[in-house]
$ cat input-v3.cif   # mmCIF, C-alpha atoms and all ligand atoms
data_work
loop_
_atom_site.label_atom_id
_atom_site.label_comp_id
_atom_site.auth_asym_id
_atom_site.auth_seq_id
_atom_site.Cartn_x
_atom_site.Cartn_y
_atom_site.Cartn_z
CA MET A 134 -0.08 -18.13 -14.36
CA ALA A 135 -2.46 -15.21 -13.70
CA ILE A 136 -1.67 -12.42 -11.28
CA LEU A 137 -3.97 -9.68 -10.01
CA LEU A 138 -2.33 -6.27 -9.57
CA THR A 139 -4.33 -3.89 -7.41
CA GLY A 140 -3.13 -0.36 -8.13
CA GLY A 141 -1.62 -1.74 -11.32
CA ALA A 142 -1.92 1.61 -13.13
CA GLY A 143 0.22 3.42 -10.57
CA TYR A 144 3.93 4.18 -10.70
CA ILE A 145 5.29 0.90 -9.34
CA GLY A 146 2.27 -1.16 -10.42
CA SER A 147 2.55 -0.17 -14.09
CA HIS A 148 6.26 -1.00 -14.25
CA THR A 149 5.58 -4.33 -12.54
CA TYR A 150 2.82 -5.06 -15.07
CA VAL A 151 5.36 -4.70 -17.90
CA GLU A 152 7.94 -6.95 -16.25
CA LEU A 153 5.34 -9.63 -15.44
CA VAL A 154 3.97 -9.72 -18.99
CA GLN A 155 7.47 -9.80 -20.43
CA ALA A 156 8.28 -12.72 -18.11
CA GLY A 157 5.29 -14.63 -19.54
CA TYR A 158 2.67 -14.08 -16.80
CA ASP A 159 -0.93 -13.04 -17.40
CA ALA A 160 -1.51 -9.88 -15.39
CA VAL A 161 -4.88 -8.28 -14.62
CA ILE A 162 -5.09 -4.71 -13.33
CA VAL A 163 -7.61 -3.38 -10.83
CA ASP A 164 -7.33 0.36 -10.30
CA ASN A 165 -9.82 3.15 -9.55
CA PHE A 166 -7.46 5.76 -11.07
CA TYR A 167 -7.66 7.82 -7.90
CA ASN A 168 -3.95 8.51 -8.04
CA SER A 169 -3.18 7.30 -11.56
CA CYS A 170 -4.39 7.98 -15.06
CA PRO A 171 -6.39 5.76 -17.47
CA ASP A 172 -3.95 6.78 -20.25
CA VAL A 173 -1.41 4.41 -18.71
CA ILE A 174 -3.45 1.47 -20.06
CA GLU A 175 -2.81 2.41 -23.73
CA ARG A 176 0.86 2.89 -22.96
CA LEU A 177 1.13 -0.54 -21.32
CA LYS A 178 -0.46 -1.98 -24.44
CA ALA A 179 2.10 -0.23 -26.62
CA ILE A 180 5.07 -1.39 -24.53
CA THR A 181 3.98 -5.03 -24.24
CA GLY A 182 2.29 -5.31 -27.66
CA LYS A 183 -0.64 -7.09 -26.00
CA PRO A 184 -4.14 -6.10 -24.92
CA VAL A 185 -4.38 -5.05 -21.28
CA THR A 186 -7.07 -6.55 -19.06
CA TYR A 187 -8.11 -3.99 -16.46
CA TYR A 188 -11.03 -3.07 -14.22
CA ASP A 189 -11.90 0.44 -13.06
CA VAL A 190 -12.69 -0.76 -9.56
CA ASP A 191 -12.01 0.44 -6.02
CA VAL A 192 -10.53 -2.47 -4.07
CA CYS A 193 -12.70 -1.48 -1.08
CA ASP A 194 -15.81 -2.16 -3.21
CA ARG A 195 -16.40 -5.78 -2.29
CA LYS A 196 -19.15 -6.43 -4.84
CA ALA A 197 -17.08 -5.10 -7.73
CA LEU A 198 -14.02 -7.02 -6.52
CA GLU A 199 -16.07 -10.22 -6.33
CA LYS A 200 -16.93 -9.85 -10.02
CA VAL A 201 -13.25 -9.58 -10.89
CA PHE A 202 -12.50 -12.77 -8.96
CA LEU A 203 -15.42 -14.54 -10.70
CA ASN A 204 -14.00 -13.60 -14.12
CA HIS A 205 -10.47 -14.94 -13.52
CA THR A 206 -8.60 -17.69 -11.74
CA PHE A 207 -5.71 -15.95 -10.01
CA ASP A 208 -2.58 -17.73 -8.86
CA ALA A 209 -1.34 -14.73 -6.88
CA VAL A 210 -2.16 -11.15 -5.96
CA ILE A 211 0.16 -8.14 -5.75
CA HIS A 212 -1.40 -5.41 -3.63
CA PHE A 213 -0.10 -1.95 -4.62
CA ALA A 214 -3.34 0.01 -4.20
CA GLY A 215 -3.30 2.48 -1.34
CA TYR A 216 -2.95 6.08 -0.28
CA LYS A 217 0.73 7.00 -0.12
CA ALA A 218 1.39 10.64 0.80
CA VAL A 219 3.08 10.96 4.18
CA GLY A 220 2.02 14.59 4.85
CA GLU A 221 -1.57 13.99 3.79
CA SER A 222 -1.73 10.95 6.08
CA VAL A 223 -0.89 13.15 9.06
CA ALA A 224 -3.76 15.51 8.14
CA LYS A 225 -6.25 12.73 7.27
CA PRO A 226 -5.35 9.71 9.40
CA LEU A 227 -8.80 8.19 9.37
CA ALA A 228 -9.00 8.24 5.57
CA TYR A 229 -5.60 6.52 5.39
CA TYR A 230 -6.36 3.84 7.96
CA ARG A 231 -9.80 3.20 6.48
CA ASN A 232 -8.72 3.01 2.85
CA ASN A 233 -5.45 1.13 3.20
CA LEU A 234 -6.71 -1.38 5.76
CA ASP A 235 -10.18 -1.91 4.34
CA SER A 236 -8.88 -2.53 0.82
CA THR A 237 -6.55 -5.17 2.26
CA PHE A 238 -9.39 -6.81 4.20
CA ALA A 239 -11.64 -6.83 1.12
CA LEU A 240 -8.85 -8.35 -0.95
CA CYS A 241 -8.04 -11.06 1.63
CA ASP A 242 -11.75 -11.93 1.94
CA ALA A 243 -12.07 -12.29 -1.84
CA MET A 244 -8.90 -14.38 -1.97
CA GLN A 245 -10.17 -16.71 0.75
CA ALA A 246 -13.55 -17.04 -0.93
CA HIS A 247 -11.86 -18.00 -4.20
CA GLY A 248 -9.02 -20.15 -2.89
CA VAL A 249 -6.22 -17.71 -3.79
CA SER A 250 -3.43 -17.91 -1.23
CA ARG A 251 -0.35 -16.13 -2.64
CA PHE A 252 0.02 -12.47 -1.63
CA VAL A 253 2.79 -10.00 -2.46
CA PHE A 254 2.49 -6.80 -0.42
CA SER A 255 3.81 -3.39 -1.32
CA SER A 256 5.39 -2.35 1.99
CA SER A 257 7.99 0.31 2.64
CA ALA A 258 11.26 0.95 4.42
CA THR A 259 9.22 3.54 6.31
CA VAL A 260 8.33 0.70 8.74
CA TYR A 261 11.90 0.91 10.12
CA GLY A 262 10.92 4.30 11.55
CA LEU A 263 13.78 6.15 13.22
CA ALA A 264 16.23 3.22 13.10
CA GLU A 265 19.67 4.55 13.87
CA THR A 266 21.94 1.89 12.46
CA VAL A 267 22.43 1.05 8.79
CA PRO A 268 22.27 -0.99 6.68
CA LEU A 269 18.72 -1.96 7.59
CA THR A 270 18.12 -5.69 7.85
CA GLU A 271 14.70 -7.33 7.80
CA THR A 272 15.02 -8.45 11.42
CA MET A 273 15.54 -4.94 12.83
CA PRO A 274 12.86 -3.48 15.10
CA THR A 275 10.04 -1.64 13.35
CA GLY A 276 7.89 1.36 14.27
CA CYS A 277 6.58 4.33 12.33
CA THR A 278 6.46 8.10 12.44
CA ASN A 279 3.26 8.82 10.49
CA PRO A 280 -0.15 7.24 9.73
CA TYR A 281 0.88 6.22 6.19
CA GLY A 282 3.75 4.22 7.66
CA TRP A 283 1.51 2.70 10.34
CA THR A 284 -0.90 1.43 7.66
CA LYS A 285 2.02 -0.45 6.05
CA TYR A 286 3.10 -1.74 9.46
CA MET A 287 -0.42 -2.88 10.36
CA ILE A 288 -1.04 -4.57 7.02
CA GLU A 289 2.24 -6.47 7.39
CA GLN A 290 0.98 -7.75 10.76
CA VAL A 291 -2.46 -8.69 9.37
CA LEU A 292 -0.81 -10.73 6.61
CA ARG A 293 1.62 -12.38 9.04
CA ASP A 294 -1.32 -13.47 11.20
CA ILE A 295 -3.26 -14.81 8.21
CA ALA A 296 -0.23 -16.84 7.16
CA VAL A 297 -0.06 -18.36 10.66
CA ALA A 298 -3.76 -19.20 10.73
CA HIS A 299 -3.78 -20.57 7.17
CA PRO A 300 -0.64 -22.63 6.53
CA ASP A 301 -1.41 -22.86 2.81
CA TRP A 302 -0.90 -19.07 2.45
CA ALA A 303 2.32 -17.70 0.99
CA VAL A 304 3.07 -14.04 1.67
CA ALA A 305 5.98 -11.82 0.63
CA LEU A 306 6.21 -8.44 2.38
CA LEU A 307 8.37 -6.25 0.12
CA ARG A 308 9.89 -3.24 1.86
CA TYR A 309 10.77 -0.73 -0.84
CA PHE A 310 13.51 1.81 -0.39
CA ASN A 311 13.35 4.92 -2.65
CA PRO A 312 12.08 4.07 -6.15
CA ILE A 313 12.99 6.52 -8.91
CA GLY A 314 13.59 6.24 -12.68
CA ALA A 315 11.13 5.14 -15.33
CA HIS A 316 10.71 2.59 -18.13
CA GLU A 317 13.37 3.04 -20.82
CA SER A 318 10.67 3.85 -23.41
CA GLY A 319 9.94 7.09 -21.53
CA THR A 320 6.21 6.37 -21.87
CA ILE A 321 5.40 5.42 -18.27
CA GLY A 322 6.75 7.00 -15.11
CA GLU A 323 5.96 8.77 -11.87
CA ASP A 324 3.23 11.39 -12.28
CA PRO A 325 2.69 13.17 -8.97
CA VAL A 326 -0.47 15.23 -8.63
CA GLY A 327 0.40 18.81 -7.62
CA LEU A 328 3.70 19.73 -5.99
CA PRO A 329 5.96 16.67 -5.69
CA ASN A 330 6.82 15.43 -2.19
CA ASN A 331 9.79 13.32 -3.16
CA LEU A 332 13.22 14.35 -4.31
CA MET A 333 13.50 12.98 -7.87
CA PRO A 334 10.18 14.34 -9.22
CA PHE A 335 11.20 17.67 -7.74
CA ILE A 336 14.57 17.54 -9.52
CA THR A 337 12.98 16.68 -12.88
CA GLN A 338 10.45 19.50 -12.57
CA VAL A 339 13.26 21.96 -11.83
CA ALA A 340 15.15 20.55 -14.83
CA SER A 341 12.13 21.16 -17.07
CA GLY A 342 11.71 24.72 -15.80
CA LYS A 343 8.32 23.96 -14.23
CA LEU A 344 9.78 24.73 -10.80
CA ALA A 345 12.44 27.41 -10.30
CA LYS A 346 14.67 25.89 -7.65
CA LEU A 347 15.13 22.79 -5.55
CA ARG A 348 15.21 23.08 -1.77
CA VAL A 349 17.75 20.80 -0.12
CA PHE A 350 16.36 19.96 3.32
CA GLY A 351 19.40 20.39 5.56
CA ASN A 352 23.15 20.00 5.06
CA ASP A 353 24.08 19.47 8.70
CA TYR A 354 23.27 15.78 9.01
CA ASP A 355 25.91 13.35 10.20
CA THR A 356 26.59 12.13 6.64
CA PRO A 357 29.64 12.53 4.35
CA ASP A 358 28.39 15.79 2.78
CA GLY A 359 25.81 16.72 5.42
CA THR A 360 22.75 15.99 3.25
CA GLY A 361 20.34 13.07 3.71
CA VAL A 362 21.40 9.65 2.44
CA ARG A 363 18.90 7.24 0.87
CA ASP A 364 18.87 4.00 -1.09
CA TYR A 365 17.51 4.98 -4.52
CA ILE A 366 16.41 2.03 -6.62
CA HIS A 367 15.40 2.00 -10.28
CA VAL A 368 11.65 1.29 -10.51
CA VAL A 369 12.34 -1.36 -13.19
CA ASP A 370 14.65 -3.22 -10.79
CA LEU A 371 11.96 -2.91 -8.15
CA ALA A 372 9.37 -4.26 -10.59
CA ARG A 373 11.61 -7.26 -11.32
CA GLY A 374 11.76 -7.87 -7.57
CA HIS A 375 8.00 -8.50 -7.70
CA VAL A 376 8.43 -11.03 -10.50
CA ALA A 377 11.04 -12.80 -8.36
CA ALA A 378 8.69 -12.74 -5.35
CA CYS A 379 5.84 -14.28 -7.39
CA ARG A 380 8.17 -17.02 -8.60
CA TYR A 381 9.29 -17.68 -5.02
CA LEU A 382 5.71 -17.93 -3.71
CA LEU A 383 4.94 -20.73 -6.18
CA SER A 384 7.04 -23.15 -4.16
CA HIS A 385 6.89 -21.74 -0.60
CA THR A 386 4.34 -21.11 2.13
CA GLY A 387 4.45 -18.88 5.19
CA CYS A 388 5.35 -15.21 5.40
CA GLU A 389 8.73 -13.64 4.52
CA VAL A 390 9.93 -10.04 4.56
CA PHE A 391 12.34 -8.73 1.91
CA ASN A 392 14.10 -5.41 1.58
CA LEU A 393 14.11 -4.23 -2.04
CA GLY A 394 16.94 -1.74 -2.33
CA THR A 395 20.38 -1.52 -3.88
CA GLY A 396 22.26 -1.53 -0.58
CA LEU A 397 23.97 1.74 -1.58
CA GLY A 398 23.54 5.05 0.24
CA VAL A 399 23.40 8.16 -1.97
CA SER A 400 23.20 11.73 -0.65
CA VAL A 401 20.90 14.48 -1.91
CA LEU A 402 23.88 16.34 -3.37
CA GLU A 403 25.23 13.20 -5.06
CA LEU A 404 21.85 12.60 -6.69
CA ILE A 405 21.63 16.23 -7.87
CA HIS A 406 25.16 16.17 -9.28
CA THR A 407 24.69 12.81 -10.99
CA PHE A 408 21.49 14.08 -12.60
CA GLU A 409 23.28 17.23 -13.79
CA ARG A 410 26.19 15.25 -15.24
CA VAL A 411 24.16 12.54 -16.97
CA ASN A 412 21.60 14.90 -18.51
CA ASN A 413 23.78 17.96 -18.89
CA ILE A 414 21.22 20.19 -17.16
CA PRO A 415 21.99 22.42 -14.17
CA ILE A 416 19.76 22.05 -11.09
CA PRO A 417 19.75 25.26 -9.06
CA PHE A 418 19.14 24.69 -5.35
CA ASP A 419 19.08 26.41 -1.96
CA VAL A 420 19.90 24.67 1.27
CA VAL A 421 17.02 25.20 3.71
CA GLU A 422 15.98 23.88 7.13
CA ARG A 423 15.70 20.15 7.71
CA ARG A 424 12.29 18.70 6.84
CA PRO A 425 10.54 17.55 10.04
CA GLY A 426 10.47 13.77 10.36
CA ASP A 427 13.46 13.14 8.05
CA ILE A 428 16.25 10.87 9.16
CA ALA A 429 19.93 11.26 8.21
CA THR A 430 20.60 7.92 6.59
CA CYS A 431 18.53 5.01 5.31
CA TYR A 432 19.78 2.20 3.11
CA ALA A 433 19.10 -1.51 2.80
CA ASP A 434 20.93 -4.66 3.52
CA ALA A 435 19.62 -6.25 0.33
CA SER A 436 21.34 -9.61 0.80
CA LYS A 437 18.25 -11.62 1.81
CA ALA A 438 16.46 -10.88 -1.48
CA LYS A 439 19.60 -11.89 -3.35
CA THR A 440 20.01 -15.17 -1.49
CA VAL A 441 16.35 -16.21 -1.23
CA LEU A 442 14.70 -14.60 -4.28
CA ASP A 443 17.75 -14.68 -6.55
CA TRP A 444 17.09 -11.01 -7.27
CA GLU A 445 19.33 -7.97 -7.03
CA ALA A 446 19.22 -4.47 -8.44
CA SER A 447 21.35 -4.05 -11.55
CA LEU A 448 20.57 -0.56 -12.88
CA THR A 449 22.84 2.30 -11.83
CA LEU A 450 22.24 5.77 -10.42
CA GLU A 451 23.12 7.09 -13.90
CA ASP A 452 20.38 4.89 -15.42
CA MET A 453 17.91 6.21 -12.83
CA CYS A 454 18.77 9.86 -13.59
CA ARG A 455 18.70 9.36 -17.35
CA ASP A 456 15.39 7.47 -17.34
CA SER A 457 13.68 9.88 -14.90
CA TRP A 458 14.58 12.74 -17.22
CA ARG A 459 13.51 10.91 -20.39
CA TRP A 460 10.05 10.35 -18.85
CA GLN A 461 9.74 13.96 -17.63
CA SER A 462 11.03 15.55 -20.85
CA GLN A 463 8.78 13.42 -23.08
CA ASN A 464 5.77 14.03 -20.80
CA PRO A 465 6.13 17.54 -19.36
CA LYS A 466 2.57 17.38 -18.03
CA GLY A 467 2.67 13.72 -17.09
CA TYR A 468 -0.17 11.60 -18.45
CA ARG A 469 -2.55 14.55 -18.43
CA ALA A 470 -1.03 16.32 -21.43
C1 LIG B 1 9.59 9.48 1.69
C2 LIG B 1 8.66 9.09 2.80
C3 LIG B 1 8.54 7.60 2.83
C4 LIG B 1 8.07 7.06 1.49
C5 LIG B 1 9.04 7.53 0.41
C6 LIG B 1 8.53 7.14 -0.95
C7 LIG B 1 8.86 10.85 4.50
C8 LIG B 1 9.31 11.20 5.86
N1 LIG B 1 9.14 9.60 4.07
O1 LIG B 1 10.87 8.97 1.99
O2 LIG B 1 7.63 7.21 3.84
O3 LIG B 1 8.00 5.66 1.51
O4 LIG B 1 9.16 8.95 0.46
O5 LIG B 1 9.52 7.29 -1.91
O6 LIG B 1 8.25 11.65 3.82
N2 LIG B 1 14.72 16.11 -0.12
C9 LIG B 1 15.17 17.39 -0.37
N3 LIG B 1 14.39 18.25 -1.07
C10 LIG B 1 13.16 17.89 -1.56
C11 LIG B 1 12.69 16.57 -1.31
C12 LIG B 1 13.49 15.71 -0.58
O7 LIG B 1 16.28 17.76 0.05
O8 LIG B 1 12.48 18.71 -2.18
C13 LIG B 1 15.59 15.17 0.60
C14 LIG B 1 14.99 14.59 1.88
O9 LIG B 1 15.28 15.42 2.98
C15 LIG B 1 15.66 13.22 1.94
C16 LIG B 1 15.85 12.84 0.47
O10 LIG B 1 15.78 14.06 -0.26
O11 LIG B 1 16.94 13.32 2.52
C17 LIG B 1 14.79 11.89 -0.04
O12 LIG B 1 13.50 12.42 0.23
P1 LIG B 1 12.17 11.77 -0.37
O13 LIG B 1 12.33 11.56 -1.83
O14 LIG B 1 11.02 12.61 0.08
O15 LIG B 1 12.11 10.32 0.28
P2 LIG B 1 12.15 9.88 1.83
O16 LIG B 1 12.03 11.03 2.75
O17 LIG B 1 13.31 8.98 2.01
#
$ encode --input "input-v3.cif" --output "structure tokens"
Amino acid sequence: MAILLTGGAGYIGSHTYVELVQAGYDAVIVDNFYNSCPDVIERLKAITGKPVTYYDVDVCDRKALEKVFLNHTFDAVIHFAGYKAVGESVAKPLAYYRNNLDSTFALCDAMQAHGVSRFVFSSSATVYGLAETVPLTETMPTGCTNPYGWTKYMIEQVLRDIAVAHPDWAVALLRYFNPIGAHESGTIGEDPVGLPNNLMPFITQVASGKLAKLRVFGNDYDTPDGTGVRDYIHVVDLARGHVAACRYLLSHTGCEVFNLGTGLGVSVLELIHTFERVNNIPIPFDVVERRPGDIATCYADASKAKTVLDWEASLTLEDMCRDSWRWQSQNPKGYRA
């Protein structure tokens, strides 16, 4: 069974590549390395012990994408490629809408032209917007707070409509919670360009001495210790969720939404203290103002994925902290060393 991974050289895509190959699938990567590094290809080869088939192609480039589809017979597509920085999306909405939507349209057109009808989409818990009750279930109302989130929301709707119009299509919309951690080899991981936006890359860069101090955005939320609560999930667990979704799509049609999270809420302070304990490294921090747009608490009801996909997260917060640090300490400059 052959699977196309758009954005397969990125953080989640590369980990999913490994899990797919180890589960016996043929995986083909399409990536323009806009937000990833070609070095990841050699590392995927080393981890899997197999040659990596990849194309340096922008998914929006229809002619180039057509050539990829002519060279392979895909059974399914996993669409990771897309712009993903919340703050940048507020500053450059048109670029986000154009890139994220157009790449999806180009991909769906190529799939239709070549009779490929199984689609796994990289969505996000961001589509729950300012939801005030937790845990978040897949049936809760959706709505977003920034253009990045709206692109995920809109693509979900596009895929839902395609699945209605074409009953042979099988679509899984995977809403990720907060992926952290890295492959246990320490050779692939998250490699943010410039100053990290998210908490764990910030923690690891403070641990390495690259950044002096962490800023904790608010300790006056209505949470047990006042800091924001999130559902952190090990990226390898998340990757295995994609393998489970591909397996599911082999014998189902229609469109289903799945939360991929652990179902556990962890505060900023808990994450910092777990990282310090597991790695024996102090993380100095200051508490500062809340970050605009942040919500107090966000964690998944992950029971649907367990029941329907037979998948659940198994790696612990300790595993996530240990593996994030192994990646950062072995690659202080990321892939660009
Ligand atoms: C953010 C995005 C979300 C995206 C996700 C990807 C926003 C509003 N949401 O989620 O759309 O899908 O990343 O993983 O940007 N924190 C600090 N100090 C820091 C960084 C973060 O205290 O330097 C806190 C935040 O206030 C929050 C928690 O850590 O409580 C997690 O933040 P982050 O890693 O940025 O993820 P989200 O905001 O949940």
$ closest_residue --input "input-v3.cif" --among "A:Leu306, A:Val401, A:Val219, A:Met333" --to "Val349 (chain A)" --atoms "only C-alpha atoms"
A:Val401
$ closest_atom_pairs --input "input-v3.cif" --of "region 292-399 of chain A" --to "region 233-245 of chain A" --cutoff "12 Å" --atoms "all atoms listed in the file" --output "tab-separated table"
residue	atom	partner	partner_atom	distance
A:Leu292	CA	A:Cys241	CA	8.8
A:Asp294	CA	A:Cys241	CA	11.9
A:Ile295	CA	A:Cys241	CA	9.0
A:Ala296	CA	A:Cys241	CA	11.2
A:His299	CA	A:Gln245	CA	9.8
A:Asp301	CA	A:Gln245	CA	10.9
A:Trp302	CA	A:Gln245	CA	9.7
A:Val304	CA	A:Cys241	CA	11.5
$ write_last_selection --input "input-v3.cif" --atoms "C-alpha atoms" --output "compact mmCIF listing (two decimals), in the frame of the given file"
# COMPACT_ATOMS: atom_id res chain seq x y z
CA LEU A 292 -0.81 -10.73 6.61
CA ASP A 294 -1.32 -13.47 11.20
CA ILE A 295 -3.26 -14.81 8.21
CA ALA A 296 -0.23 -16.84 7.16
CA HIS A 299 -3.78 -20.57 7.17
CA ASP A 301 -1.41 -22.86 2.81
CA TRP A 302 -0.90 -19.07 2.45
CA VAL A 304 3.07 -14.04 1.67
$ atom_distance --input "input-v3.cif" --atom1 "CA of Val161 (chain A)" --atom2 "CA of Pro325 (chain A)"
23.4 Å
$ closest_atom_pairs --input "input-v3.cif" --of "chain A" --to "ligand LIG 1 (chain B)" --cutoff "9 Å" --atoms "all atoms listed in the file" --output "tab-separated table"
residue	atom	partner	partner_atom	distance
A:Lys217	CA	B:LIG1	C4	7.5
A:Ala218	CA	B:LIG1	O6	7.6
A:Val219	CA	B:LIG1	O6	5.2
A:Gly220	CA	B:LIG1	O6	7.0
A:Ser256	CA	B:LIG1	O3	8.4
A:Ser257	CA	B:LIG1	O3	5.5
A:Ala258	CA	B:LIG1	O3	6.4
A:Thr259	CA	B:LIG1	O2	4.7
A:Val260	CA	B:LIG1	O2	8.2
A:Gly262	CA	B:LIG1	O2	8.9
A:Thr278	CA	B:LIG1	C8	7.8
A:Asn279	CA	B:LIG1	C8	8.0
A:Tyr281	CA	B:LIG1	O2	7.2
A:Gly282	CA	B:LIG1	O2	6.2
A:Tyr309	CA	B:LIG1	O3	7.4
A:Phe310	CA	B:LIG1	O5	6.9
A:Asn311	CA	B:LIG1	O5	4.6
A:Pro312	CA	B:LIG1	O5	5.9
A:Ile313	CA	B:LIG1	O5	7.9
A:Pro329	CA	B:LIG1	O8	7.7
A:Asn330	CA	B:LIG1	O14	5.5
A:Asn331	CA	B:LIG1	O13	3.4
A:Leu332	CA	B:LIG1	C11	3.8
A:Met333	CA	B:LIG1	O13	6.3
A:Pro334	CA	B:LIG1	O13	8.2
A:Phe335	CA	B:LIG1	O8	5.8
A:Ile336	CA	B:LIG1	O8	7.7
A:Leu347	CA	B:LIG1	O8	5.9
A:Arg348	CA	B:LIG1	N3	4.9
A:Val349	CA	B:LIG1	O7	3.4
A:Phe350	CA	B:LIG1	O7	3.9
A:Gly351	CA	B:LIG1	O7	6.9
A:Asn352	CA	B:LIG1	O7	8.8
A:Thr360	CA	B:LIG1	O11	6.4
A:Gly361	CA	B:LIG1	O11	3.6
A:Val362	CA	B:LIG1	O11	5.8
A:Arg363	CA	B:LIG1	O17	6.0
A:Asp364	CA	B:LIG1	O17	8.1
A:Tyr365	CA	B:LIG1	C17	8.7
A:Ser400	CA	B:LIG1	O11	7.2
A:Val401	CA	B:LIG1	O10	5.4
A:Leu402	CA	B:LIG1	O7	8.5
A:Leu404	CA	B:LIG1	O10	9.0
A:Val420	CA	B:LIG1	O7	7.9
A:Val421	CA	B:LIG1	O7	8.3
A:Arg423	CA	B:LIG1	O9	6.7
A:Arg424	CA	B:LIG1	O9	5.9
A:Pro425	CA	B:LIG1	C8	7.7
A:Gly426	CA	B:LIG1	C8	5.3
A:Asp427	CA	B:LIG1	C8	5.1
A:Ile428	CA	B:LIG1	O11	7.1
A:Ala429	CA	B:LIG1	O11	6.7
A:Thr430	CA	B:LIG1	O11	7.7
A:Cys431	CA	B:LIG1	O17	7.3
$ write_last_selection --input "input-v3.cif" --atoms "C-alpha atoms" --output "PDB file, keeping the file's coordinate frame"
ATOM      1  CA  LYS A 217       0.730   7.000  -0.120  1.00  0.00           C
ATOM      2  CA  ALA A 218       1.390  10.640   0.800  1.00  0.00           C
ATOM      3  CA  VAL A 219       3.080  10.960   4.180  1.00  0.00           C
ATOM      4  CA  GLY A 220       2.020  14.590   4.850  1.00  0.00           C
ATOM      5  CA  SER A 256       5.390  -2.350   1.990  1.00  0.00           C
ATOM      6  CA  SER A 257       7.990   0.310   2.640  1.00  0.00           C
ATOM      7  CA  ALA A 258      11.260   0.950   4.420  1.00  0.00           C
ATOM      8  CA  THR A 259       9.220   3.540   6.310  1.00  0.00           C
ATOM      9  CA  VAL A 260       8.330   0.700   8.740  1.00  0.00           C
ATOM     10  CA  GLY A 262      10.920   4.300  11.550  1.00  0.00           C
ATOM     11  CA  THR A 278       6.460   8.100  12.440  1.00  0.00           C
ATOM     12  CA  ASN A 279       3.260   8.820  10.490  1.00  0.00           C
ATOM     13  CA  TYR A 281       0.880   6.220   6.190  1.00  0.00           C
ATOM     14  CA  GLY A 282       3.750   4.220   7.660  1.00  0.00           C
ATOM     15  CA  TYR A 309      10.770  -0.730  -0.840  1.00  0.00           C
ATOM     16  CA  PHE A 310      13.510   1.810  -0.390  1.00  0.00           C
ATOM     17  CA  ASN A 311      13.350   4.920  -2.650  1.00  0.00           C
ATOM     18  CA  PRO A 312      12.080   4.070  -6.150  1.00  0.00           C
ATOM     19  CA  ILE A 313      12.990   6.520  -8.910  1.00  0.00           C
ATOM     20  CA  PRO A 329       5.960  16.670  -5.690  1.00  0.00           C
ATOM     21  CA  ASN A 330       6.820  15.430  -2.190  1.00  0.00           C
ATOM     22  CA  ASN A 331       9.790  13.320  -3.160  1.00  0.00           C
ATOM     23  CA  LEU A 332      13.220  14.350  -4.310  1.00  0.00           C
ATOM     24  CA  MET A 333      13.500  12.980  -7.870  1.00  0.00           C
ATOM     25  CA  PRO A 334      10.180  14.340  -9.220  1.00  0.00           C
ATOM     26  CA  PHE A 335      11.200  17.670  -7.740  1.00  0.00           C
ATOM     27  CA  ILE A 336      14.570  17.540  -9.520  1.00  0.00           C
ATOM     28  CA  LEU A 347      15.130  22.790  -5.550  1.00  0.00           C
ATOM     29  CA  ARG A 348      15.210  23.080  -1.770  1.00  0.00           C
ATOM     30  CA  VAL A 349      17.750  20.800  -0.120  1.00  0.00           C
ATOM     31  CA  PHE A 350      16.360  19.960   3.320  1.00  0.00           C
ATOM     32  CA  GLY A 351      19.400  20.390   5.560  1.00  0.00           C
ATOM     33  CA  ASN A 352      23.150  20.000   5.060  1.00  0.00           C
ATOM     34  CA  THR A 360      22.750  15.990   3.250  1.00  0.00           C
ATOM     35  CA  GLY A 361      20.340  13.070   3.710  1.00  0.00           C
ATOM     36  CA  VAL A 362      21.400   9.650   2.440  1.00  0.00           C
ATOM     37  CA  ARG A 363      18.900   7.240   0.870  1.00  0.00           C
ATOM     38  CA  ASP A 364      18.870   4.000  -1.090  1.00  0.00           C
ATOM     39  CA  TYR A 365      17.510   4.980  -4.520  1.00  0.00           C
ATOM     40  CA  SER A 400      23.200  11.730  -0.650  1.00  0.00           C
ATOM     41  CA  VAL A 401      20.900  14.480  -1.910  1.00  0.00           C
ATOM     42  CA  LEU A 402      23.880  16.340  -3.370  1.00  0.00           C
ATOM     43  CA  LEU A 404      21.850  12.600  -6.690  1.00  0.00           C
ATOM     44  CA  VAL A 420      19.900  24.670   1.270  1.00  0.00           C
ATOM     45  CA  VAL A 421      17.020  25.200   3.710  1.00  0.00           C
ATOM     46  CA  ARG A 423      15.700  20.150   7.710  1.00  0.00           C
ATOM     47  CA  ARG A 424      12.290  18.700   6.840  1.00  0.00           C
ATOM     48  CA  PRO A 425      10.540  17.550  10.040  1.00  0.00           C
ATOM     49  CA  GLY A 426      10.470  13.770  10.360  1.00  0.00           C
ATOM     50  CA  ASP A 427      13.460  13.140   8.050  1.00  0.00           C
ATOM     51  CA  ILE A 428      16.250  10.870   9.160  1.00  0.00           C
ATOM     52  CA  ALA A 429      19.930  11.260   8.210  1.00  0.00           C
ATOM     53  CA  THR A 430      20.600   7.920   6.590  1.00  0.00           C
ATOM     54  CA  CYS A 431      18.530   5.010   5.310  1.00  0.00           C
TER      55      CYS A 431
END
$ atom_distance --input "input-v3.cif" --atom1 "CA of Pro300 (chain A)" --atom2 "CA of Val253 (chain A)"
15.9 Å
$ residues_around --input "input-v3.cif" --residues "Val210 (chain A)" --least-positions-apart "5" --cutoff "6 Å" --atoms "all atoms listed in the file" --output "list in words"
Ile136, Leu137 and Phe252 of chain A
$ residues_around --input "input-v3.cif" --residues "Ser436 (chain A)" --least-positions-apart "6" --cutoff "9 Å" --atoms "only C-alpha atoms" --output "number ranges by chain"
A: 270, 392, 396, 445
$ closest_atom_pairs --input "input-v3.cif" --of "region 176-201 of chain A" --to "region 315-322 of chain A" --cutoff "8 Å" --atoms "only C-alpha atoms" --output "JSON lines"
{"residue": "A:Arg176", "atom": "CA", "partner": "A:Thr320", "partner_atom": "CA", "distance": 6.5}
{"residue": "A:Leu177", "atom": "CA", "partner": "A:Ile321", "partner_atom": "CA", "distance": 7.9}
{"residue": "A:Ile180", "atom": "CA", "partner": "A:Ser318", "partner_atom": "CA", "distance": 7.8}
